[in-house]
file final_4.cif (mmCIF, C-alpha atoms)
data_data
loop_
_atom_site.label_atom_id
_atom_site.label_comp_id
_atom_site.auth_asym_id
_atom_site.auth_seq_id
_atom_site.Cartn_x
_atom_site.Cartn_y
_atom_site.Cartn_z
CA MET A 1 0.00 0.00 0.00
CA PHE A 2 1.32 3.40 -0.89
CA HIS A 3 1.06 6.26 1.54
CA HIS A 4 2.19 9.70 0.70
CA ARG A 5 4.71 11.11 3.16
CA GLN A 6 2.78 14.23 3.95
CA HIS A 7 -0.19 12.06 4.76
CA HIS A 8 1.72 10.39 7.57
CA HIS A 9 2.96 13.67 8.91
CA LYS A 10 -0.54 14.86 9.59
CA HIS A 11 -1.11 12.15 12.16
CA ASP A 12 2.16 12.50 14.00
CA LYS A 13 3.24 15.36 16.21
CA ILE A 14 6.75 16.35 15.21
CA LEU A 15 8.93 18.77 17.12
CA ALA A 16 12.01 20.48 15.69
CA ILE A 17 14.42 21.30 18.52
CA VAL A 18 16.75 24.14 17.57
CA PRO A 19 19.42 24.91 20.19
CA ALA A 20 20.70 28.45 19.68
CA TYR A 21 23.42 30.37 21.47
CA ASN A 22 24.11 33.81 20.02
CA GLU A 23 22.89 32.90 16.55
CA GLU A 24 21.16 36.17 15.66
CA GLU A 25 22.73 36.16 12.20
CA GLY A 26 21.29 32.84 11.12
CA ILE A 27 18.34 31.95 13.34
CA GLU A 28 15.62 33.63 11.25
CA GLN A 29 16.86 31.87 8.14
CA VAL A 30 16.81 28.48 9.89
CA ILE A 31 13.25 29.04 11.12
CA ALA A 32 12.07 30.28 7.73
CA SER A 33 13.45 27.28 5.90
CA LEU A 34 11.96 24.91 8.50
CA GLN A 35 8.58 26.58 7.91
CA THR A 36 9.03 26.14 4.16
CA TYR A 37 10.48 22.63 3.93
CA ALA A 38 9.04 21.01 7.05
CA PRO A 39 5.72 22.79 7.63
CA TYR A 40 4.37 19.79 9.53
CA ALA A 41 6.86 20.28 12.37
CA ASP A 42 6.43 22.55 15.39
CA ILE A 43 9.52 24.67 15.90
CA LEU A 44 11.02 24.97 19.38
CA VAL A 45 14.05 27.21 19.74
CA ILE A 46 16.07 26.76 22.92
CA ASN A 47 17.64 30.14 23.56
CA ASP A 48 20.67 28.96 25.52
CA GLY A 49 21.32 32.12 27.52
CA SER A 50 22.20 34.17 24.45
CA THR A 51 23.56 37.65 25.06
CA ASP A 52 22.28 38.94 21.72
CA ASN A 53 18.80 39.12 20.18
CA THR A 54 18.53 35.43 19.24
CA GLY A 55 15.51 34.81 21.49
CA LEU A 56 13.52 37.83 20.34
CA LEU A 57 14.25 37.22 16.64
CA ALA A 58 13.18 33.59 16.97
CA GLU A 59 9.93 34.59 18.66
CA ASN A 60 9.16 37.14 16.00
CA ALA A 61 9.89 34.58 13.30
CA GLY A 62 7.08 32.47 14.71
CA ALA A 63 8.89 29.81 16.71
CA THR A 64 8.09 28.72 20.24
CA VAL A 65 11.05 29.83 22.34
CA LEU A 66 12.29 28.54 25.68
CA HIS A 67 14.69 30.96 27.35
CA LEU A 68 17.37 29.39 29.52
CA CYS A 69 18.42 31.96 32.11
CA SER A 70 22.08 31.01 31.78
CA ASN A 71 24.16 29.14 29.25
CA LEU A 72 23.96 25.36 29.70
CA GLY A 73 25.83 24.28 26.58
CA ILE A 74 24.43 22.20 23.75
CA GLY A 75 23.61 19.10 25.83
CA GLY A 76 21.64 20.90 28.50
CA ALA A 77 19.85 23.00 25.88
CA VAL A 78 18.82 20.06 23.72
CA GLN A 79 17.65 18.09 26.75
CA THR A 80 15.29 20.96 27.59
CA GLY A 81 13.75 20.33 24.17
CA TYR A 82 13.35 16.62 24.86
CA ARG A 83 11.69 17.39 28.20
CA TYR A 84 9.31 19.74 26.37
CA ALA A 85 8.60 16.99 23.83
CA VAL A 86 7.69 14.53 26.59
CA GLU A 87 5.47 17.04 28.39
CA ASN A 88 3.61 17.85 25.19
CA GLY A 89 3.29 14.33 23.86
CA TYR A 90 5.30 14.54 20.66
CA ASP A 91 5.77 11.41 18.54
CA TYR A 92 9.02 12.55 16.99
CA ALA A 93 11.65 15.12 17.84
CA VAL A 94 14.39 16.25 15.51
CA GLN A 95 17.49 18.17 16.54
CA ILE A 96 18.54 20.86 14.08
CA ASP A 97 21.47 23.20 14.69
CA GLY A 98 20.69 26.90 14.90
CA ASP A 99 23.57 27.89 12.64
CA GLY A 100 22.08 26.69 9.36
CA GLN A 101 24.38 23.77 8.58
CA HIS A 102 21.50 21.29 8.54
CA ASN A 103 19.01 21.37 5.71
CA PRO A 104 15.36 21.09 6.87
CA ALA A 105 14.49 19.55 3.51
CA ASP A 106 16.36 16.43 4.64
CA LEU A 107 13.92 15.91 7.50
CA ASP A 108 11.68 13.93 5.18
CA LYS A 109 14.54 11.53 4.56
CA LEU A 110 15.14 11.03 8.26
CA LEU A 111 11.44 10.39 8.88
CA CYS A 112 11.24 7.88 6.03
CA CYS A 113 14.36 6.08 7.22
CA MET A 114 12.92 5.83 10.72
CA ARG A 115 9.60 4.45 9.50
CA GLU A 116 11.16 1.97 7.13
CA ASN A 117 13.76 0.61 9.51
CA GLY A 118 12.09 1.10 12.87
CA ALA A 119 15.20 2.56 14.48
CA ASP A 120 14.72 4.58 17.67
CA MET A 121 17.03 7.31 16.41
CA VAL A 122 18.13 8.28 12.91
CA VAL A 123 21.30 10.32 12.45
CA GLY A 124 21.94 12.42 9.36
CA SER A 125 25.43 11.66 8.05
CA ARG A 126 27.37 13.84 5.61
CA PHE A 127 29.97 11.13 5.00
CA ILE A 128 27.86 8.41 3.37
CA GLU A 129 27.33 10.05 0.01
CA LYS A 130 30.13 12.56 0.64
CA GLU A 131 28.19 15.51 -0.73
CA GLY A 132 28.18 19.06 0.57
CA PHE A 133 30.50 20.44 3.23
CA GLN A 134 32.87 17.67 4.37
CA SER A 135 34.63 19.24 7.37
CA THR A 136 38.33 20.00 7.67
CA PHE A 137 41.08 17.38 7.45
CA ALA A 138 42.01 17.35 11.16
CA ARG A 139 38.42 17.28 12.23
CA LYS A 140 37.63 14.46 9.81
CA LEU A 141 40.45 12.41 11.38
CA GLY A 142 38.90 12.87 14.81
CA ILE A 143 35.43 12.04 13.55
CA ASP A 144 36.72 8.87 11.86
CA LEU A 145 38.44 7.79 15.06
CA LEU A 146 35.29 8.33 17.11
CA GLY A 147 33.21 6.68 14.40
CA SER A 148 35.26 3.48 14.40
CA LEU A 149 35.24 3.47 18.21
CA VAL A 150 31.45 3.76 18.33
CA THR A 151 31.10 1.13 15.60
CA ARG A 152 33.24 -1.24 17.64
CA LEU A 153 31.49 -0.51 20.93
CA THR A 154 27.92 -0.73 19.67
CA GLY A 155 28.23 -2.97 16.63
CA LYS A 156 26.46 -0.40 14.45
CA ARG A 157 28.24 1.34 11.60
CA MET A 158 28.66 5.06 12.28
CA THR A 159 30.36 7.37 9.79
CA ASP A 160 29.32 10.68 11.35
CA PRO A 161 28.96 10.15 15.11
CA THR A 162 29.30 13.87 15.87
CA SER A 163 26.42 14.89 13.63
CA GLY A 164 23.84 16.89 15.55
CA TYR A 165 21.14 16.29 12.96
CA ARG A 166 19.14 13.48 14.53
CA LEU A 167 15.56 12.32 14.74
CA CYS A 168 14.20 10.49 17.80
CA ASN A 169 11.03 8.50 18.39
CA ARG A 170 9.07 8.45 21.63
CA ARG A 171 11.31 5.92 23.32
CA ALA A 172 14.51 7.82 22.59
CA ILE A 173 12.84 11.13 23.53
CA ALA A 174 11.81 9.70 26.91
CA LEU A 175 15.32 8.41 27.57
CA PHE A 176 17.01 11.67 26.61
CA ALA A 177 14.55 13.69 28.69
CA GLN A 178 15.79 11.71 31.68
CA GLN A 179 19.49 11.56 30.97
CA TYR A 180 21.60 13.33 28.43
CA PRO A 181 25.30 14.25 28.53
CA ALA A 182 25.96 17.89 29.37
CA ASP A 183 28.74 18.98 27.03
CA TYR A 184 29.70 17.53 23.62
CA PRO A 185 26.81 15.06 23.92
CA GLU A 186 26.46 13.63 20.39
CA VAL A 187 28.82 10.65 20.55
CA GLU A 188 27.97 9.77 24.13
CA ALA A 189 24.26 9.77 23.33
CA LEU A 190 24.83 6.93 20.85
CA VAL A 191 26.45 4.68 23.45
CA LEU A 192 23.77 5.72 25.93
CA LEU A 193 21.07 4.55 23.51
CA ASP A 194 22.91 1.28 22.97
CA ASN A 195 23.18 0.73 26.74
CA TYR A 196 19.41 0.88 27.00
CA GLN A 197 19.00 -1.39 23.99
CA LEU A 198 17.56 1.32 21.76
CA THR A 199 18.67 1.29 18.14
CA PHE A 200 20.08 3.95 15.86
CA GLN A 201 20.98 4.23 12.22
CA GLU A 202 22.48 6.69 9.77
CA THR A 203 21.00 8.13 6.64
CA PRO A 204 22.80 10.38 4.13
CA VAL A 205 22.21 14.14 4.29
CA VAL A 206 23.94 17.16 2.80
CA MET A 207 25.36 19.72 5.20
CA LYS A 208 26.45 23.29 4.65
CA GLU A 209 29.26 25.18 6.23
CA ARG A 210 27.95 27.12 9.21
CA GLN A 211 26.33 30.39 8.19
CA GLY A 212 27.21 32.88 10.90
CA GLY A 213 28.79 33.07 14.34
CA VAL A 214 31.89 31.18 15.37
CA SER A 215 32.47 27.44 15.58
CA SER A 216 32.18 26.28 19.14
CA ILE A 217 35.45 24.37 19.23
CA SER A 218 38.96 25.87 19.16
CA PRO A 219 42.12 23.77 18.52
CA LEU A 220 42.94 23.42 22.21
CA GLN A 221 39.35 22.54 23.00
CA SER A 222 39.35 19.81 20.40
CA ILE A 223 42.08 17.95 22.33
CA TYR A 224 39.96 18.22 25.46
CA TYR A 225 36.97 17.19 23.35
CA MET A 226 38.60 13.97 22.12
CA CYS A 227 39.87 12.99 25.59
CA LYS A 228 36.57 13.77 27.27
CA VAL A 229 34.41 11.98 24.71
CA ILE A 230 36.61 8.87 24.53
CA LEU A 231 36.75 8.60 28.33
CA ALA A 232 33.01 9.13 28.58
CA ILE A 233 32.02 6.50 26.01
CA LEU A 234 34.46 3.93 27.38
CA MET A 235 33.13 4.47 30.91
CA MET A 236 29.57 4.37 29.64
CA LYS A 237 30.29 1.09 27.89
CA THR A 238 31.32 -0.48 31.21
CA ARG A 239 27.89 0.18 32.68
CA LYS A 240 25.35 -2.61 32.66
CA LYS A 241 23.00 -2.91 29.73
CA LYS A 242 19.35 -2.85 30.56
CA ALA A 243 16.19 -2.43 28.57
CA TRP A 244 14.65 1.03 28.71
CA GLU A 245 11.21 1.11 30.30
CA MET A 246 8.96 3.96 29.34
CA SER A 247 7.07 3.77 32.61
CA HIS A 248 8.26 7.21 33.69
CA GLU A 249 5.81 8.97 31.45
CA THR A 250 3.06 10.92 33.14
CA MET B 1 61.59 24.35 72.67
CA LYS B 2 60.10 20.99 71.84
CA LEU B 3 57.22 21.57 74.16
CA ASN B 4 56.54 25.00 72.69
CA ILE B 5 56.05 23.85 69.11
CA TYR B 6 53.66 21.11 70.24
CA LEU B 7 51.73 23.51 72.40
CA PHE B 8 51.63 25.95 69.50
CA SER B 9 50.32 23.25 67.11
CA PHE B 10 47.75 22.21 69.67
CA LEU B 11 46.50 25.78 69.95
CA ILE B 12 46.21 25.98 66.16
CA SER B 13 44.16 22.79 65.96
CA LEU B 14 42.04 23.92 68.88
CA SER B 15 41.20 27.23 67.19
CA PHE B 16 40.56 25.32 63.96
CA ALA B 17 38.00 23.13 65.73
CA ALA B 18 36.49 26.19 67.35
CA THR B 19 36.16 27.86 63.96
CA ILE B 20 34.38 24.79 62.56
CA LEU B 21 31.95 24.72 65.49
CA TYR B 22 31.34 28.44 65.11
CA LEU B 23 30.60 28.02 61.39
CA ILE B 24 28.17 25.16 62.05
CA ARG B 25 26.44 27.18 64.75
CA ASN B 26 25.94 30.09 62.34
CA GLN B 27 24.77 27.72 59.63
CA LYS B 28 27.58 28.60 57.28
CA LEU B 29 28.74 25.01 57.03
CA LYS B 30 26.52 22.04 56.29
CA GLU B 31 26.81 19.29 58.90
CA GLN B 32 27.63 16.67 56.28
CA TYR B 33 30.80 18.56 55.33
CA ALA B 34 31.47 19.77 58.86
CA LEU B 35 31.78 16.20 60.16
CA LEU B 36 34.72 15.66 57.83
CA TRP B 37 36.46 18.77 59.10
CA LEU B 38 35.69 18.02 62.74
CA THR B 39 37.24 14.57 62.38
CA LEU B 40 40.31 16.14 60.84
CA SER B 41 40.73 18.67 63.64
CA ALA B 42 40.19 15.98 66.27
CA MET B 43 42.99 13.97 64.70
CA MET B 44 45.20 17.04 64.64
CA MET B 45 44.59 17.64 68.34
CA ILE B 46 45.33 14.06 69.31
CA LEU B 47 48.58 14.08 67.37
CA THR B 48 49.75 17.36 68.87
CA LEU B 49 48.87 16.27 72.41
CA PHE B 50 50.50 12.86 72.08
CA PRO B 51 53.24 13.20 69.46
CA SER B 52 54.65 9.83 70.51
CA ILE B 53 51.76 8.19 68.63
CA LEU B 54 53.30 9.40 65.41
CA ASP B 55 56.76 8.11 66.37
CA ASP B 56 55.36 4.70 67.34
CA LEU B 57 53.35 4.45 64.17
CA ALA B 58 56.37 5.42 62.06
CA ARG B 59 58.52 2.77 63.76
CA LEU B 60 55.78 0.21 63.23
CA ILE B 61 55.79 0.63 59.46
CA ARG B 62 59.54 1.28 59.35
CA ILE B 63 59.66 4.94 58.49
CA ASP B 64 62.94 6.40 59.77
CA TYR B 65 61.88 10.00 59.69
CA ALA B 66 58.57 10.26 61.56
CA PRO B 67 57.48 13.66 60.20
CA SER B 68 57.34 12.25 56.67
CA LEU B 69 54.55 9.98 57.88
CA LEU B 70 52.77 13.12 59.02
CA TYR B 71 53.15 14.61 55.52
CA LEU B 72 51.88 11.42 53.92
CA LEU B 73 48.85 11.31 56.17
CA SER B 74 48.02 14.96 55.62
CA VAL B 75 48.38 14.75 51.83
CA VAL B 76 46.10 11.70 51.71
CA GLY B 77 43.61 13.45 53.99
CA ILE B 78 43.60 16.59 51.84
CA LEU B 79 43.24 14.53 48.65
CA PHE B 80 40.13 12.85 50.01
CA ILE B 81 38.60 16.13 51.11
CA LEU B 82 39.27 17.58 47.64
CA LEU B 83 37.70 14.56 45.99
CA HIS B 84 34.70 14.95 48.24
CA LEU B 85 34.39 18.58 47.17
CA THR B 86 34.64 17.72 43.46
CA MET B 87 31.88 15.18 43.90
CA ALA B 88 29.77 17.80 45.62
CA VAL B 89 30.41 20.27 42.78
CA SER B 90 29.48 17.67 40.13
CA SER B 91 26.22 16.93 41.85
CA LEU B 92 25.48 20.64 42.23
CA ALA B 93 26.20 21.22 38.52
CA GLN B 94 23.76 18.46 37.58
CA ARG B 95 21.05 19.90 39.81
CA ASN B 96 21.72 23.35 38.42
CA VAL B 97 21.13 22.11 34.87
CA GLU B 98 17.82 20.53 35.85
CA LEU B 99 16.79 23.68 37.67
CA ILE B 100 17.52 25.99 34.73
CA GLN B 101 15.66 23.66 32.36
CA THR B 102 12.64 23.41 34.64
CA LEU B 103 12.61 27.16 35.09
CA ALA B 104 12.55 27.71 31.32
CA LEU B 105 9.76 25.15 30.84
CA HIS B 106 7.64 26.70 33.60
CA GLU B 107 8.27 30.23 32.39
CA HIS B 108 6.94 29.19 29.01
CA LYS B 109 3.83 27.71 30.60
CA ILE B 110 3.23 30.91 32.56
CA GLN B 111 3.57 33.00 29.40
CA ALA B 112 1.08 30.76 27.60
CA LEU B 113 -1.40 30.97 30.48
CA MET B 114 -1.11 34.74 30.66
CA LYS B 115 -1.63 35.05 26.94
CA ARG B 116 -4.74 32.90 27.18
CA ASN B 117 -6.14 35.01 30.01
CA GLU B 118 -5.56 38.22 28.13
CA GLU B 119 -7.60 37.04 25.16
CA PRO B 120 -10.98 38.68 25.73
CA ASP B 121 -14.38 36.94 25.59
CA LYS B 122 -12.97 33.51 25.06
CA GLU B 123 -15.70 31.19 26.30
CA VAL B 124 -17.61 32.96 28.99
CA GLU B 125 -17.42 30.35 31.69
CA PRO B 126 -17.64 31.56 35.26
CA LYS B 127 -16.19 28.28 36.45
CA ASP B 128 -13.23 28.88 38.69
CA SER B 129 -12.47 25.39 39.85
CA ARG B 130 -9.01 23.83 40.24
#
call {"tool": "encode", "arguments": {"input": "final_4.cif", "output": "structure tokens"}}
result
Amino acid sequence: MFHHRQHHHKHDKILAIVPAYNEEEGIEQVIASLQTYAPYADILVINDGSTDNTGLLAENAGATVLHLCSNLGIGGAVQTGYRYAVENGYDYAVQIDGDGQHNPADLDKLLCCMRENGADMVVGSRFIEKEGFQSTFARKLGIDLLGSLVTRLTGKRMTDPTSGYRLCNRRAIALFAQQYPADYPEVEALVLLDNYQLTFQETPVVMKERQGGVSSISPLQSIYYMCKVILAILMMKTRKKKAWEMSHET
Amino acid sequence: MKLNIYLFSFLISLSFAATILYLIRNQKLKEQYALLWLTLSAMMMILTLFPSILDDLARLIRIDYAPSLLYLLSVVGILFILLHLTMAVSSLAQRNVELIQTLALHEHKIQALMKRNEEPDKEVEPKDSR
């Protein structure tokens, strides 16, 4: 039986979580293109203690905005979105960066991949079809290292473990609302899912270079990043596996 | 001379203990942390009153120079107190994150409620339950 995509979208509540810290240059553009290419999704901007007009611009552009009173970092901001998704009964939540590197038109692909394969989380990878912005050489080395580590630890092939473009179903949303790593959360979240026997899978997307603002990681920070993430996922792997129960829902 | 330095050390540990008790009394120090410090100052007082304990202990585990045992013990003690503090900070940071998130979620709910109340003539129901 053939169902048109848009038809499905009408029945499901989909939330787009956009973490934004001082993104006043790009945030309106991100919201506008979400409204154009993914009109079925509700837009939730997490204003992560921005010191500029990000929050106000997002509100005026028509998004729902949660204002964090101080900067929590990407993990804490995104988790706020997952908590909102649980409270408001969303079926799907998708994380989209506030700097415009993720293309909202790809959301359809993520949704289709999730429905076809039944994974609990679908990650958009820029390294499967190798189109669009491919990251710098040094960074790609780091990503490959983390990717092979995650593949080995979880037994699932990951080419772009640091990608922040990811779609979650109810089970993954409920887990992340309860526990989510605070800083540099992307890679850890994969092992976390695996620990609770939730599944994840990649699907190809095309990413752009970030539109405005500054990248969040400097050279010195990237050394800290690698050490912290590797330590965190190895420690997480030593924890006991147990099936995730969604009994915490109210 | 020997007696003087011990007396001096004892007075220091005594005033340390007094400071701790004063801080607890004025609720500037939580009891759970204060216990740690009180134990430490008690140990300091015992060692300064009976310095022979340290000498005996050093001989027992074959340390020639007794004061180095004192250094070892104090470094280990300080390390554990620091670890304890780092654990406390980690737990505080986690709670802080949850608090900021909850605050943002509730603020949003309040805004939505206020907006709904401001909308005039929306269903004239005099019900005021809940």
call {"tool": "resolve_selection", "arguments": {"input": "final_4.cif", "expression": "the PyMOL selection byres ((chain B) within 9 of (chain A))", "output": "list in words"}}
result
Gln94, Val97, Glu98, Ile100, Gln101, Thr102, Leu103, Ala104, Leu105, Glu107 and His108 of chain B
call {"tool": "residues_around", "arguments": {"input": "final_4.cif", "residues": "Pro219 (chain A)", "least_positions_apart": "5", "cutoff": "12 Å", "atoms": "all atoms listed in the file", "output": "list in words"}}
result
Ala138, Arg139, Gly142, Tyr224, Tyr225 and Met226 of chain A
call {"tool": "resolve_selection", "arguments": {"input": "final_4.cif", "expression": "the PyMOL selection byres ((chain A and resi 181) around 10)", "output": "mmCIF file with C-alpha atoms, in the frame of the given file"}}
result
data_model
loop_
_atom_site.group_PDB
_atom_site.id
_atom_site.type_symbol
_atom_site.label_atom_id
_atom_site.label_comp_id
_atom_site.auth_asym_id
_atom_site.auth_seq_id
_atom_site.Cartn_x
_atom_site.Cartn_y
_atom_site.Cartn_z
ATOM 1 C CA ILE A 74 24.430 22.200 23.750
ATOM 2 C CA GLY A 75 23.610 19.100 25.830
ATOM 3 C CA GLY A 76 21.640 20.900 28.500
ATOM 4 C CA VAL A 78 18.820 20.060 23.720
ATOM 5 C CA GLN A 79 17.650 18.090 26.750
ATOM 6 C CA PHE A 176 17.010 11.670 26.610
ATOM 7 C CA GLN A 179 19.490 11.560 30.970
ATOM 8 C CA TYR A 180 21.600 13.330 28.430
ATOM 9 C CA ALA A 182 25.960 17.890 29.370
ATOM 10 C CA ASP A 183 28.740 18.980 27.030
ATOM 11 C CA TYR A 184 29.700 17.530 23.620
ATOM 12 C CA PRO A 185 26.810 15.060 23.920
ATOM 13 C CA GLU A 186 26.460 13.630 20.390
ATOM 14 C CA VAL A 187 28.820 10.650 20.550
ATOM 15 C CA GLU A 188 27.970 9.770 24.130
ATOM 16 C CA ALA A 189 24.260 9.770 23.330
ATOM 17 C CA LEU A 192 23.770 5.720 25.930
ATOM 18 C CA ALA A 232 33.010 9.130 28.580
#
call {"tool": "resolve_selection", "arguments": {"input": "final_4.cif", "expression": "the PyMOL selection byres ((chain A and resi 131) around 12)", "output": "MDAnalysis selection string"}}
result
chainID A and resid 125:130 132:135 204:209
call {"tool": "atom_distance", "arguments": {"input": "final_4.cif", "atom1": "CA of Leu44 (chain A)", "atom2": "CA of Ala93 (chain A)"}}
result
10.0 Å
call {"tool": "atom_distance", "arguments": {"input": "final_4.cif", "atom1": "CA of Glu202 (chain A)", "atom2": "CA of Val123 (chain A)"}}
result
4.7 Å
call {"tool": "atom_distance", "arguments": {"input": "final_4.cif", "atom1": "CA of Leu70 (chain B)", "atom2": "CA of Ala58 (chain B)"}}
result
9.0 Å
call {"tool": "residues_around", "arguments": {"input": "final_4.cif", "residues": "region 108-115 of chain A", "least_positions_apart": "2", "cutoff": "8 Å", "atoms": "all atoms listed in the file", "output": "ChimeraX atom specification"}}
result
/A:5,38,105-106,117-124,166-167,203
call {"tool": "closest_residue", "arguments": {"input": "final_4.cif", "among": "B:Leu29, B:Ala66, B:Met87, B:Leu14", "to": "Met45 (chain B)", "atoms": "only C-alpha atoms"}}
result
B:Leu14
call {"tool": "build_atoms", "arguments": {"input": "final_4.cif", "residues": "region 102-110 of chain B", "atoms": "all heavy atoms", "output": "PDB file, keeping the file's coordinate frame"}}
result
ATOM      1  N   THR B 102      14.000  23.367  34.099  1.00  0.00           N
ATOM      2  CA  THR B 102      12.640  23.410  34.640  1.00  0.00           C
ATOM      3  C   THR B 102      12.124  24.840  34.675  1.00  0.00           C
ATOM      4  O   THR B 102      10.968  25.103  34.341  1.00  0.00           O
ATOM      5  CB  THR B 102      12.621  22.810  36.053  1.00  0.00           C
ATOM      6  OG1 THR B 102      13.264  21.545  36.017  1.00  0.00           O
ATOM      7  CG2 THR B 102      11.203  22.638  36.556  1.00  0.00           C
ATOM      8  N   LEU B 103      12.999  25.761  35.054  1.00  0.00           N
ATOM      9  CA  LEU B 103      12.610  27.160  35.090  1.00  0.00           C
ATOM     10  C   LEU B 103      12.139  27.635  33.713  1.00  0.00           C
ATOM     11  O   LEU B 103      11.098  28.277  33.585  1.00  0.00           O
ATOM     12  CB  LEU B 103      13.795  28.012  35.560  1.00  0.00           C
ATOM     13  CG  LEU B 103      13.536  29.503  35.718  1.00  0.00           C
ATOM     14  CD1 LEU B 103      12.525  29.725  36.831  1.00  0.00           C
ATOM     15  CD2 LEU B 103      14.811  30.246  36.010  1.00  0.00           C
ATOM     16  N   ALA B 104      12.911  27.275  32.669  1.00  0.00           N
ATOM     17  CA  ALA B 104      12.550  27.710  31.320  1.00  0.00           C
ATOM     18  C   ALA B 104      11.210  27.108  30.894  1.00  0.00           C
ATOM     19  O   ALA B 104      10.362  27.795  30.308  1.00  0.00           O
ATOM     20  CB  ALA B 104      13.649  27.314  30.338  1.00  0.00           C
ATOM     21  N   LEU B 105      11.007  25.805  31.212  1.00  0.00           N
ATOM     22  CA  LEU B 105       9.760  25.150  30.840  1.00  0.00           C
ATOM     23  C   LEU B 105       8.569  25.804  31.552  1.00  0.00           C
ATOM     24  O   LEU B 105       7.525  26.059  30.943  1.00  0.00           O
ATOM     25  CB  LEU B 105       9.823  23.654  31.179  1.00  0.00           C
ATOM     26  CG  LEU B 105      10.724  22.813  30.280  1.00  0.00           C
ATOM     27  CD1 LEU B 105      11.025  21.473  30.907  1.00  0.00           C
ATOM     28  CD2 LEU B 105      10.079  22.613  28.908  1.00  0.00           C
ATOM     29  N   HIS B 106       8.741  26.102  32.841  1.00  0.00           N
ATOM     30  CA  HIS B 106       7.640  26.700  33.600  1.00  0.00           C
ATOM     31  C   HIS B 106       7.372  28.136  33.146  1.00  0.00           C
ATOM     32  O   HIS B 106       6.222  28.556  33.068  1.00  0.00           O
ATOM     33  CB  HIS B 106       7.954  26.655  35.092  1.00  0.00           C
ATOM     34  CG  HIS B 106       7.740  25.305  35.673  1.00  0.00           C
ATOM     35  ND1 HIS B 106       7.591  25.062  37.011  1.00  0.00           N
ATOM     36  CD2 HIS B 106       7.645  24.092  35.074  1.00  0.00           C
ATOM     37  CE1 HIS B 106       7.421  23.773  37.212  1.00  0.00           C
ATOM     38  NE2 HIS B 106       7.457  23.167  36.053  1.00  0.00           N
ATOM     39  N   GLU B 107       8.435  28.866  32.851  1.00  0.00           N
ATOM     40  CA  GLU B 107       8.270  30.230  32.390  1.00  0.00           C
ATOM     41  C   GLU B 107       7.424  30.259  31.122  1.00  0.00           C
ATOM     42  O   GLU B 107       6.545  31.097  30.958  1.00  0.00           O
ATOM     43  CB  GLU B 107       9.638  30.836  32.098  1.00  0.00           C
ATOM     44  CG  GLU B 107       9.807  32.242  32.614  1.00  0.00           C
ATOM     45  CD  GLU B 107      11.259  32.649  32.587  1.00  0.00           C
ATOM     46  OE1 GLU B 107      11.854  32.603  31.487  1.00  0.00           O
ATOM     47  OE2 GLU B 107      11.798  32.967  33.651  1.00  0.00           O
ATOM     48  N   HIS B 108       7.696  29.269  30.250  1.00  0.00           N
ATOM     49  CA  HIS B 108       6.940  29.190  29.010  1.00  0.00           C
ATOM     50  C   HIS B 108       5.475  28.910  29.274  1.00  0.00           C
ATOM     51  O   HIS B 108       4.590  29.490  28.653  1.00  0.00           O
ATOM     52  CB  HIS B 108       7.544  28.102  28.111  1.00  0.00           C
ATOM     53  CG  HIS B 108       6.809  27.919  26.839  1.00  0.00           C
ATOM     54  ND1 HIS B 108       5.953  26.868  26.623  1.00  0.00           N
ATOM     55  CD2 HIS B 108       6.769  28.673  25.719  1.00  0.00           C
ATOM     56  CE1 HIS B 108       5.425  26.980  25.426  1.00  0.00           C
ATOM     57  NE2 HIS B 108       5.915  28.060  24.844  1.00  0.00           N
ATOM     58  N   LYS B 109       5.217  28.023  30.250  1.00  0.00           N
ATOM     59  CA  LYS B 109       3.830  27.710  30.600  1.00  0.00           C
ATOM     60  C   LYS B 109       3.125  28.946  31.148  1.00  0.00           C
ATOM     61  O   LYS B 109       1.974  29.217  30.812  1.00  0.00           O
ATOM     62  CB  LYS B 109       3.802  26.608  31.661  1.00  0.00           C
ATOM     63  CG  LYS B 109       3.784  25.217  31.073  1.00  0.00           C
ATOM     64  CD  LYS B 109       3.645  24.201  32.185  1.00  0.00           C
ATOM     65  CE  LYS B 109       4.357  22.924  31.795  1.00  0.00           C
ATOM     66  NZ  LYS B 109       4.689  22.112  32.981  1.00  0.00           N
ATOM     67  N   ILE B 110       3.816  29.701  31.979  1.00  0.00           N
ATOM     68  CA  ILE B 110       3.230  30.910  32.560  1.00  0.00           C
ATOM     69  C   ILE B 110       2.877  31.911  31.457  1.00  0.00           C
ATOM     70  O   ILE B 110       1.787  32.468  31.422  1.00  0.00           O
ATOM     71  CB  ILE B 110       4.190  31.560  33.577  1.00  0.00           C
ATOM     72  CG1 ILE B 110       4.314  30.669  34.807  1.00  0.00           C
ATOM     73  CG2 ILE B 110       3.717  32.938  33.975  1.00  0.00           C
ATOM     74  CD1 ILE B 110       5.354  31.129  35.792  1.00  0.00           C
TER      75      ILE B 110
END
